[in-house]
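Asker: Pasting structure_30.pdb below, which is PDB, C-alpha atoms.
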```pdb
ATOM      1  CA  MET A   1      20.570  62.262  -9.349
ATOM      2  CA  PRO A   2      17.021  63.087  -8.160
ATOM      3  CA  GLY A   3      13.970  60.964  -8.951
ATOM      4  CA  THR A   4      11.422  61.409 -11.710
ATOM      5  CA  ARG A   5       8.960  63.762  -9.994
ATOM      6  CA  LYS A   6       8.809  67.181 -11.628
ATOM      7  CA  LEU A   7       7.149  69.000  -8.707
ATOM      8  CA  GLY A   8       5.698  71.615 -11.060
ATOM      9  CA  LYS A   9       9.067  73.241 -11.762
ATOM     10  CA  THR A  10      11.607  73.403 -14.537
ATOM     11  CA  THR A  11      14.760  71.332 -14.146
ATOM     12  CA  SER A  12      16.949  74.191 -12.932
ATOM     13  CA  GLN A  13      14.315  75.425 -10.471
ATOM     14  CA  ARG A  14      13.724  71.899  -9.189
ATOM     15  CA  MET A  15      17.434  71.187  -8.687
ATOM     16  CA  ALA A  16      17.949  74.502  -6.867
ATOM     17  CA  MET A  17      14.976  73.772  -4.605
ATOM     18  CA  LEU A  18      16.135  70.210  -3.837
ATOM     19  CA  ARG A  19      19.700  71.343  -3.136
ATOM     20  CA  GLN A  20      18.438  73.977  -0.717
ATOM     21  CA  GLN A  21      16.036  71.603   1.031
ATOM     22  CA  VAL A  22      18.717  68.933   1.435
ATOM     23  CA  THR A  23      21.062  71.579   2.863
ATOM     24  CA  ASP A  24      18.411  72.803   5.299
ATOM     25  CA  PHE A  25      17.534  69.238   6.293
ATOM     26  CA  LEU A  26      21.165  68.346   7.000
ATOM     27  CA  ALA A  27      21.637  71.565   8.967
ATOM     28  CA  THR A  28      18.618  71.029  11.267
ATOM     29  CA  GLY A  29      18.049  67.267  11.211
ATOM     30  CA  ARG A  30      14.328  67.589  10.465
ATOM     31  CA  MET A  31      11.968  69.220   7.991
ATOM     32  CA  GLU A  32       8.224  69.531   7.493
ATOM     33  CA  THR A  33       7.194  69.412   3.853
ATOM     34  CA  THR A  34       4.863  67.592   1.461
ATOM     35  CA  VAL A  35       4.900  63.880   0.722
ATOM     36  CA  THR A  36       6.352  64.139  -2.769
ATOM     37  CA  ARG A  37       9.112  66.506  -1.741
ATOM     38  CA  CYS A  38      10.057  64.205   1.149
ATOM     39  CA  LYS A  39      10.318  61.281  -1.235
ATOM     40  CA  GLU A  40      12.579  63.325  -3.498
ATOM     41  CA  ILE A  41      14.789  64.697  -0.735
ATOM     42  CA  ALA A  42      15.372  61.420   1.153
ATOM     43  CA  PRO A  43      17.690  59.681  -1.358
ATOM     44  CA  LEU A  44      19.638  62.885  -1.934
ATOM     45  CA  ALA A  45      20.195  63.437   1.793
ATOM     46  CA  GLU A  46      21.224  59.811   2.233
ATOM     47  CA  LYS A  47      23.729  60.140  -0.596
ATOM     48  CA  MET A  48      25.287  63.166   1.122
ATOM     49  CA  ILE A  49      25.591  61.231   4.398
ATOM     50  CA  THR A  50      27.164  58.312   2.511
ATOM     51  CA  LEU A  51      29.665  60.710   0.944
ATOM     52  CA  GLY A  52      30.425  61.965   4.450
ATOM     53  CA  LYS A  53      31.319  58.448   5.546
ATOM     54  CA  GLU A  54      34.037  58.197   2.880
ATOM     55  CA  LYS A  55      36.135  60.956   4.518
ATOM     56  CA  ASP A  56      38.327  61.880   1.555
ATOM     57  CA  LEU A  57      38.860  65.057  -0.422
ATOM     58  CA  ALA A  58      37.031  63.848  -3.535
ATOM     59  CA  ALA A  59      33.909  62.996  -1.520
ATOM     60  CA  TYR A  60      34.073  66.347   0.273
ATOM     61  CA  ARG A  61      34.240  68.177  -3.061
ATOM     62  CA  GLN A  62      31.307  66.160  -4.412
ATOM     63  CA  ALA A  63      29.284  67.072  -1.342
ATOM     64  CA  LEU A  64      30.217  70.751  -1.724
ATOM     65  CA  ALA A  65      29.045  70.632  -5.323
ATOM     66  CA  PHE A  66      25.540  69.741  -4.103
ATOM     67  CA  ILE A  67      25.226  71.226  -0.602
ATOM     68  CA  THR A  68      24.836  75.003  -0.792
ATOM     69  CA  ARG A  69      26.635  75.942   2.465
ATOM     70  CA  GLU A  70      30.155  74.963   3.409
ATOM     71  CA  ASP A  71      29.412  74.843   7.156
ATOM     72  CA  VAL A  72      26.703  72.222   6.532
ATOM     73  CA  ALA A  73      29.085  70.119   4.420
ATOM     74  CA  LYS A  74      31.618  70.254   7.238
ATOM     75  CA  LYS A  75      28.902  69.236   9.712
ATOM     76  CA  VAL A  76      27.992  66.242   7.517
ATOM     77  CA  PHE A  77      31.591  65.024   7.440
ATOM     78  CA  ASP A  78      32.500  65.792  11.066
ATOM     79  CA  GLU A  79      29.299  65.175  13.047
ATOM     80  CA  ILE A  80      26.542  63.414  11.083
ATOM     81  CA  ALA A  81      28.430  60.751   9.108
ATOM     82  CA  PRO A  82      30.361  59.307  12.095
ATOM     83  CA  LYS A  83      27.029  58.610  13.837
ATOM     84  CA  TYR A  84      26.120  56.290  10.964
ATOM     85  CA  ALA A  85      29.475  54.520  10.629
ATOM     86  CA  ASP A  86      27.933  51.105  11.408
ATOM     87  CA  ARG A  87      24.784  51.593   9.346
ATOM     88  CA  ASN A  88      24.469  50.969   5.609
ATOM     89  CA  GLY A  89      21.715  53.257   4.376
ATOM     90  CA  GLY A  90      18.382  54.052   5.970
ATOM     91  CA  TYR A  91      19.576  57.245   7.611
ATOM     92  CA  THR A  92      16.253  59.068   7.263
ATOM     93  CA  ARG A  93      12.655  58.468   8.249
ATOM     94  CA  ILE A  94       9.451  59.985   6.875
ATOM     95  CA  THR A  95       6.519  60.345   9.291
ATOM     96  CA  ARG A  96       3.030  61.533   8.374
ATOM     97  CA  ILE A  97       1.897  64.480  10.500
ATOM     98  CA  GLY A  98      -1.462  65.252   8.890
ATOM     99  CA  ASN A  99      -2.810  67.627   6.284
ATOM    100  CA  ARG A 100      -1.685  71.188   5.756
ATOM    101  CA  ARG A 101      -4.141  73.766   6.996
ATOM    102  CA  GLY A 102      -4.332  76.001   3.907
ATOM    103  CA  ASP A 103      -4.871  73.543   1.061
ATOM    104  CA  ALA A 104      -5.224  70.198   2.894
ATOM    105  CA  ASP A 105      -2.156  68.799   1.153
ATOM    106  CA  PRO A 106      -0.793  65.851   3.159
ATOM    107  CA  GLU A 107       2.336  66.905   5.030
ATOM    108  CA  GLN A 108       5.179  64.751   6.260
ATOM    109  CA  LEU A 109       7.770  65.180   8.926
ATOM    110  CA  PHE A 110      11.134  64.233   7.514
ATOM    111  CA  ARG A 111      13.879  63.570  10.030
ATOM    112  CA  ALA A 112      17.220  61.908  10.366
ATOM    113  CA  ILE A 113      17.450  58.733  12.415
ATOM    114  CA  PHE A 114      20.036  59.141  15.136
ATOM    115  CA  LEU A 115      20.943  55.994  17.009
ATOM    116  CA  THR A 116      20.472  56.054  20.748
ATOM    117  CA  SER A 117      23.159  55.070  23.213
ATOM    118  CA  TYR A 118      22.128  51.424  23.286
ATOM    119  CA  GLY A 119      22.165  50.842  19.544
ATOM    120  CA  PHE A 120      18.457  51.005  18.676
ATOM    121  CA  THR A 121      16.336  53.806  17.278
ATOM    122  CA  GLY A 122      13.706  55.289  19.572
ATOM    123  CA  THR A 123      10.796  53.211  18.289
ATOM    124  CA  GLN A 124      12.733  49.939  18.480
ATOM    125  CA  ALA A 125      13.937  50.743  21.975
ATOM    126  CA  ARG A 126      10.370  51.308  23.191
ATOM    127  CA  ARG A 127       9.121  48.191  21.435
ATOM    128  CA  PHE A 128      11.877  45.865  22.659
ATOM    129  CA  PRO A 129      12.911  47.014  26.150
ATOM    130  CA  HIS A 130      14.431  43.618  26.966
ATOM    131  CA  ARG A 131      17.142  44.173  24.328
ATOM    132  CA  ARG A 132      18.605  47.171  26.107
ATOM    133  CA  ARG A 133      22.129  46.746  27.350
ATOM    134  CA  SER A 134      22.212  48.466  30.718
ATOM    135  CA  CYS A 135      19.785  48.169  33.578
ATOM    136  CA  CYS A 136      19.643  51.958  33.945
ATOM    137  CA  GLN A 137      18.559  52.316  30.345
ATOM    138  CA  ALA A 138      15.888  49.672  30.768
ATOM    139  CA  GLY A 139      13.516  52.121  32.440
ATOM    140  CA  PRO A 140      11.769  52.288  35.776
ATOM    141  CA  ARG A 141      10.650  48.647  35.802
ATOM    142  CA  ARG A 142      13.728  47.611  37.827
ATOM    143  CA  ARG A 143      13.970  48.371  41.528
ATOM    144  CA  GLY A 144      16.560  50.794  42.798
ATOM    145  CA  CYS A 145      17.320  52.369  39.441
ATOM    146  CA  GLY A 146      14.761  54.952  38.290
ATOM    147  CA  GLY A 147      15.746  54.643  34.640
ATOM    148  CA  GLN A 148      18.443  57.248  34.921
ATOM    149  CA  SER A 149      21.374  56.896  32.616
ATOM    150  CA  GLY A 150      24.760  58.369  33.191
ATOM    151  CA  SER A 151      28.305  57.508  34.054
ATOM    152  CA  GLN A 152      27.808  57.772  37.838
ATOM    153  CA  HIS A 153      24.626  55.768  38.229
ATOM    154  CA  CYS A 154      24.905  52.003  37.855
ATOM    155  CA  SER A 155      28.285  52.010  36.177
ATOM    156  CA  ALA A 156      30.583  49.014  36.214
ATOM    157  CA  ASP A 157      32.560  50.258  39.217
ATOM    158  CA  SER A 158      29.623  51.352  41.396
ATOM    159  CA  ALA A 159      27.876  49.312  44.036
ATOM    160  CA  ALA A 160      24.485  49.850  42.378
ATOM    161  CA  GLY A 161      25.775  48.363  39.137
ATOM    162  CA  ASP A 162      27.111  45.308  40.966
ATOM    163  CA  ALA A 163      23.799  44.875  42.800
ATOM    164  CA  HIS A 164      21.842  44.966  39.536
ATOM    165  CA  ARG A 165      24.186  42.461  37.917
ATOM    166  CA  ARG A 166      23.843  40.110  40.900
ATOM    167  CA  GLU A 167      20.066  40.506  40.705
ATOM    168  CA  ASP A 168      20.155  39.602  36.997
ATOM    169  CA  GLN A 169      22.271  36.511  37.647
ATOM    170  CA  SER A 170      20.005  35.314  40.438
ATOM    171  CA  HIS A 171      16.956  35.623  38.167
ATOM    172  CA  GLY A 172      18.685  33.731  35.351
ATOM    173  CA  ARG A 173      18.918  36.650  32.921
TER     174      ARG A 173
END
```
Represent the structure contained in this file as structure tokens.
Answerer:
Amino acid sequence: MPGTRKLGKTTSQRMAMLRQQVTDFLATGRMETTVTRCKEIAPLAEKMITLGKEKDLAAYRQALAFITREDVAKKVFDEIAPKYADRNGGYTRITRIGNRRGDADPEQLFRAIFLTSYGFTGTQARRFPHRRRSCCQAGPRRRGCGGQSGSQHCSADSAAGDAHRREDQSHGR
């Protein structure tokens, strides 16, 4: 299942380490480790999330065979996998955070991509603010709506929401 990197360990040591790191990653949602370990962990974590999307007993047992803690496997099936129901792969992101202080080995920040409320990841939402769905989520560039999101502010049944929609229609948006 894992890639071809040996990471300076025997097969059994390497598999135990990867299983534990995938479990820890799925439990916390982020991990700081070296470049090569990130590249080994990413496909394994994505496979566990894909198993979580299947929602059957066989997939749950396969996940339990790899994930070392039962509470994390339950979290994958109940909380993490439903967030990625519309997404086919690409559940993780690796970000460089600099070199490690002790031996100057390049370190990476490895984190799960959680979709925001308007359907884009954080970077895409900042890059393409015009694609946001609600005027409250568009940020402080609109008048009368300080970028707050929530059910009370600028919802479909509130006067502020109607005012923003009328403003959009008058500007041809």
Asker: Just the residues within 7 Å of stretch 3-15 of chain A, please, counting all atoms listed in the file, with nothing from its chain fewer than 3 positions along; format it as a compact mmCIF listing (two decimals) with C-alpha atoms, keeping the file's coordinate frame.
Answerer:
```txt
# COMPACT_ATOMS: atom_id res chain seq x y z
CA LEU A 18 16.14 70.21 -3.84
CA ARG A 19 19.70 71.34 -3.14
CA GLU A 40 12.58 63.32 -3.50
```
Asker: For A:Cys38, which of A:Gln21, A:Arg69, A:Lys83, A:Glu54 is the closest residue, counting only C-alpha atoms?
Answerer: A:Gln21
Asker: Would you mind reading off the distance between atom CA of A:Lys75 and atom CA of A:Glu32, one decimal, in Å?
Answerer: 20.8 Å
Asker: Leaving out stretch 91-94 of chain A and any residue of its chain fewer than 3 positions from it, which residues lie within 10 Å of it when counting all atoms listed in the file, given as a PyMOL selection string?
Answerer: chain A and resi 29-32+35+38-39+41-43+45-47+49-50+80-81+83-84+87-88+97+108-115
Asker: Can you tell me, as a PyMOL selection string, what residues are no more than 12 Å from A:Arg61 when counting all atoms listed in the file, ignoring any on the same chain fewer than 5 positions away?
Answerer: chain A and resi 48+51-52+54-56+66-68+70+73-74+77
Asker: Could you state the separation of atom CA of A:Phe25 and atom CA of A:Arg37 in Å, given to one decimal place?
Answerer: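 Going from atom CA of A:Phe25 over to atom CA of A:Arg37 covers 12.0 Å.
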Asker: Find the residues around A:Asp105 up to 10 Å (only C-alpha atoms counted), leave out those fewer than 3 positions away in its own chain, and share them as a list in words.
Answerer: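 Here the qualifying residues turn out to be Thr33, Thr34, Val35, Gly98, Asn99, Arg100, Arg101, Gly102 and Gln108 of chain A.
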Asker: Complete stretch 1-32 of chain A at the level of N, CA and C atoms, written as a PDB file, in the coordinates of the input.
Answerer:
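Below is the file part_13.pdb, written as the result:
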```pdb
ATOM      1  N   MET A   1      20.508  62.721 -10.712  1.00  0.00           N
ATOM      2  CA  MET A   1      20.570  62.262  -9.349  1.00  0.00           C
ATOM      3  C   MET A   1      19.194  62.187  -8.710  1.00  0.00           C
ATOM      4  N   PRO A   2      18.333  63.219  -8.786  1.00  0.00           N
ATOM      5  CA  PRO A   2      17.021  63.087  -8.160  1.00  0.00           C
ATOM      6  C   PRO A   2      16.104  62.156  -8.937  1.00  0.00           C
ATOM      7  N   GLY A   3      14.932  61.884  -8.347  1.00  0.00           N
ATOM      8  CA  GLY A   3      13.970  60.964  -8.951  1.00  0.00           C
ATOM      9  C   GLY A   3      13.267  61.558 -10.155  1.00  0.00           C
ATOM     10  N   THR A   4      12.106  61.018 -10.484  1.00  0.00           N
ATOM     11  CA  THR A   4      11.422  61.409 -11.710  1.00  0.00           C
ATOM     12  C   THR A   4      10.287  62.391 -11.488  1.00  0.00           C
ATOM     13  N   ARG A   5      10.046  62.818 -10.250  1.00  0.00           N
ATOM     14  CA  ARG A   5       8.960  63.762  -9.994  1.00  0.00           C
ATOM     15  C   ARG A   5       9.374  65.157 -10.428  1.00  0.00           C
ATOM     16  N   LYS A   6       8.470  65.855 -11.126  1.00  0.00           N
ATOM     17  CA  LYS A   6       8.809  67.181 -11.628  1.00  0.00           C
ATOM     18  C   LYS A   6       8.455  68.297 -10.657  1.00  0.00           C
ATOM     19  N   LEU A   7       7.521  68.057  -9.755  1.00  0.00           N
ATOM     20  CA  LEU A   7       7.149  69.000  -8.707  1.00  0.00           C
ATOM     21  C   LEU A   7       6.693  70.357  -9.247  1.00  0.00           C
ATOM     22  N   GLY A   8       6.235  70.391 -10.476  1.00  0.00           N
ATOM     23  CA  GLY A   8       5.698  71.615 -11.060  1.00  0.00           C
ATOM     24  C   GLY A   8       6.738  72.678 -11.336  1.00  0.00           C
ATOM     25  N   LYS A   9       7.983  72.280 -11.552  1.00  0.00           N
ATOM     26  CA  LYS A   9       9.067  73.241 -11.762  1.00  0.00           C
ATOM     27  C   LYS A   9       9.930  72.804 -12.931  1.00  0.00           C
ATOM     28  N   THR A  10      10.650  73.755 -13.498  1.00  0.00           N
ATOM     29  CA  THR A  10      11.607  73.403 -14.537  1.00  0.00           C
ATOM     30  C   THR A  10      12.789  72.694 -13.887  1.00  0.00           C
ATOM     31  N   THR A  11      13.652  72.114 -14.685  1.00  0.00           N
ATOM     32  CA  THR A  11      14.760  71.332 -14.146  1.00  0.00           C
ATOM     33  C   THR A  11      15.672  72.172 -13.261  1.00  0.00           C
ATOM     34  N   SER A  12      16.034  73.361 -13.717  1.00  0.00           N
ATOM     35  CA  SER A  12      16.949  74.191 -12.932  1.00  0.00           C
ATOM     36  C   SER A  12      16.299  74.665 -11.633  1.00  0.00           C
ATOM     37  N   GLN A  13      15.021  75.017 -11.687  1.00  0.00           N
ATOM     38  CA  GLN A  13      14.315  75.425 -10.471  1.00  0.00           C
ATOM     39  C   GLN A  13      14.204  74.257  -9.489  1.00  0.00           C
ATOM     40  N   ARG A  14      13.891  73.085 -10.025  1.00  0.00           N
ATOM     41  CA  ARG A  14      13.724  71.899  -9.189  1.00  0.00           C
ATOM     42  C   ARG A  14      15.045  71.522  -8.518  1.00  0.00           C
ATOM     43  N   MET A  15      16.138  71.542  -9.264  1.00  0.00           N
ATOM     44  CA  MET A  15      17.434  71.187  -8.687  1.00  0.00           C
ATOM     45  C   MET A  15      17.843  72.198  -7.611  1.00  0.00           C
ATOM     46  N   ALA A  16      17.612  73.491  -7.863  1.00  0.00           N
ATOM     47  CA  ALA A  16      17.949  74.502  -6.867  1.00  0.00           C
ATOM     48  C   ALA A  16      17.132  74.301  -5.597  1.00  0.00           C
ATOM     49  N   MET A  17      15.837  73.994  -5.761  1.00  0.00           N
ATOM     50  CA  MET A  17      14.976  73.772  -4.605  1.00  0.00           C
ATOM     51  C   MET A  17      15.422  72.537  -3.816  1.00  0.00           C
ATOM     52  N   LEU A  18      15.721  71.440  -4.516  1.00  0.00           N
ATOM     53  CA  LEU A  18      16.135  70.210  -3.837  1.00  0.00           C
ATOM     54  C   LEU A  18      17.478  70.388  -3.129  1.00  0.00           C
ATOM     55  N   ARG A  19      18.409  71.085  -3.772  1.00  0.00           N
ATOM     56  CA  ARG A  19      19.700  71.343  -3.136  1.00  0.00           C
ATOM     57  C   ARG A  19      19.508  72.132  -1.843  1.00  0.00           C
ATOM     58  N   GLN A  20      18.656  73.152  -1.904  1.00  0.00           N
ATOM     59  CA  GLN A  20      18.438  73.977  -0.717  1.00  0.00           C
ATOM     60  C   GLN A  20      17.721  73.196   0.377  1.00  0.00           C
ATOM     61  N   GLN A  21      16.748  72.373   0.014  1.00  0.00           N
ATOM     62  CA  GLN A  21      16.036  71.603   1.031  1.00  0.00           C
ATOM     63  C   GLN A  21      16.922  70.536   1.659  1.00  0.00           C
ATOM     64  N   VAL A  22      17.782  69.905   0.867  1.00  0.00           N
ATOM     65  CA  VAL A  22      18.717  68.933   1.435  1.00  0.00           C
ATOM     66  C   VAL A  22      19.681  69.640   2.384  1.00  0.00           C
ATOM     67  N   THR A  23      20.161  70.812   1.995  1.00  0.00           N
ATOM     68  CA  THR A  23      21.062  71.579   2.863  1.00  0.00           C
ATOM     69  C   THR A  23      20.377  71.946   4.176  1.00  0.00           C
ATOM     70  N   ASP A  24      19.146  72.435   4.085  1.00  0.00           N
ATOM     71  CA  ASP A  24      18.411  72.803   5.299  1.00  0.00           C
ATOM     72  C   ASP A  24      18.136  71.586   6.172  1.00  0.00           C
ATOM     73  N   PHE A  25      17.797  70.466   5.539  1.00  0.00           N
ATOM     74  CA  PHE A  25      17.534  69.238   6.293  1.00  0.00           C
ATOM     75  C   PHE A  25      18.784  68.781   7.038  1.00  0.00           C
ATOM     76  N   LEU A  26      19.930  68.792   6.360  1.00  0.00           N
ATOM     77  CA  LEU A  26      21.165  68.346   7.000  1.00  0.00           C
ATOM     78  C   LEU A  26      21.603  69.313   8.094  1.00  0.00           C
ATOM     79  N   ALA A  27      21.263  70.583   7.951  1.00  0.00           N
ATOM     80  CA  ALA A  27      21.637  71.565   8.967  1.00  0.00           C
ATOM     81  C   ALA A  27      20.806  71.401  10.237  1.00  0.00           C
ATOM     82  N   THR A  28      19.503  71.098  10.098  1.00  0.00           N
ATOM     83  CA  THR A  28      18.618  71.029  11.267  1.00  0.00           C
ATOM     84  C   THR A  28      18.312  69.615  11.729  1.00  0.00           C
ATOM     85  N   GLY A  29      18.362  68.643  10.835  1.00  0.00           N
ATOM     86  CA  GLY A  29      18.049  67.267  11.211  1.00  0.00           C
ATOM     87  C   GLY A  29      16.593  66.904  11.042  1.00  0.00           C
ATOM     88  N   ARG A  30      15.744  67.871  10.692  1.00  0.00           N
ATOM     89  CA  ARG A  30      14.328  67.589  10.465  1.00  0.00           C
ATOM     90  C   ARG A  30      13.742  68.639   9.533  1.00  0.00           C
ATOM     91  N   MET A  31      12.610  68.304   8.911  1.00  0.00           N
ATOM     92  CA  MET A  31      11.968  69.220   7.991  1.00  0.00           C
ATOM     93  C   MET A  31      10.514  68.813   7.830  1.00  0.00           C
ATOM     94  N   GLU A  32       9.630  69.789   7.770  1.00  0.00           N
ATOM     95  CA  GLU A  32       8.224  69.531   7.493  1.00  0.00           C
ATOM     96  C   GLU A  32       7.931  69.993   6.080  1.00  0.00           C
TER      97      GLU A  32
END
```
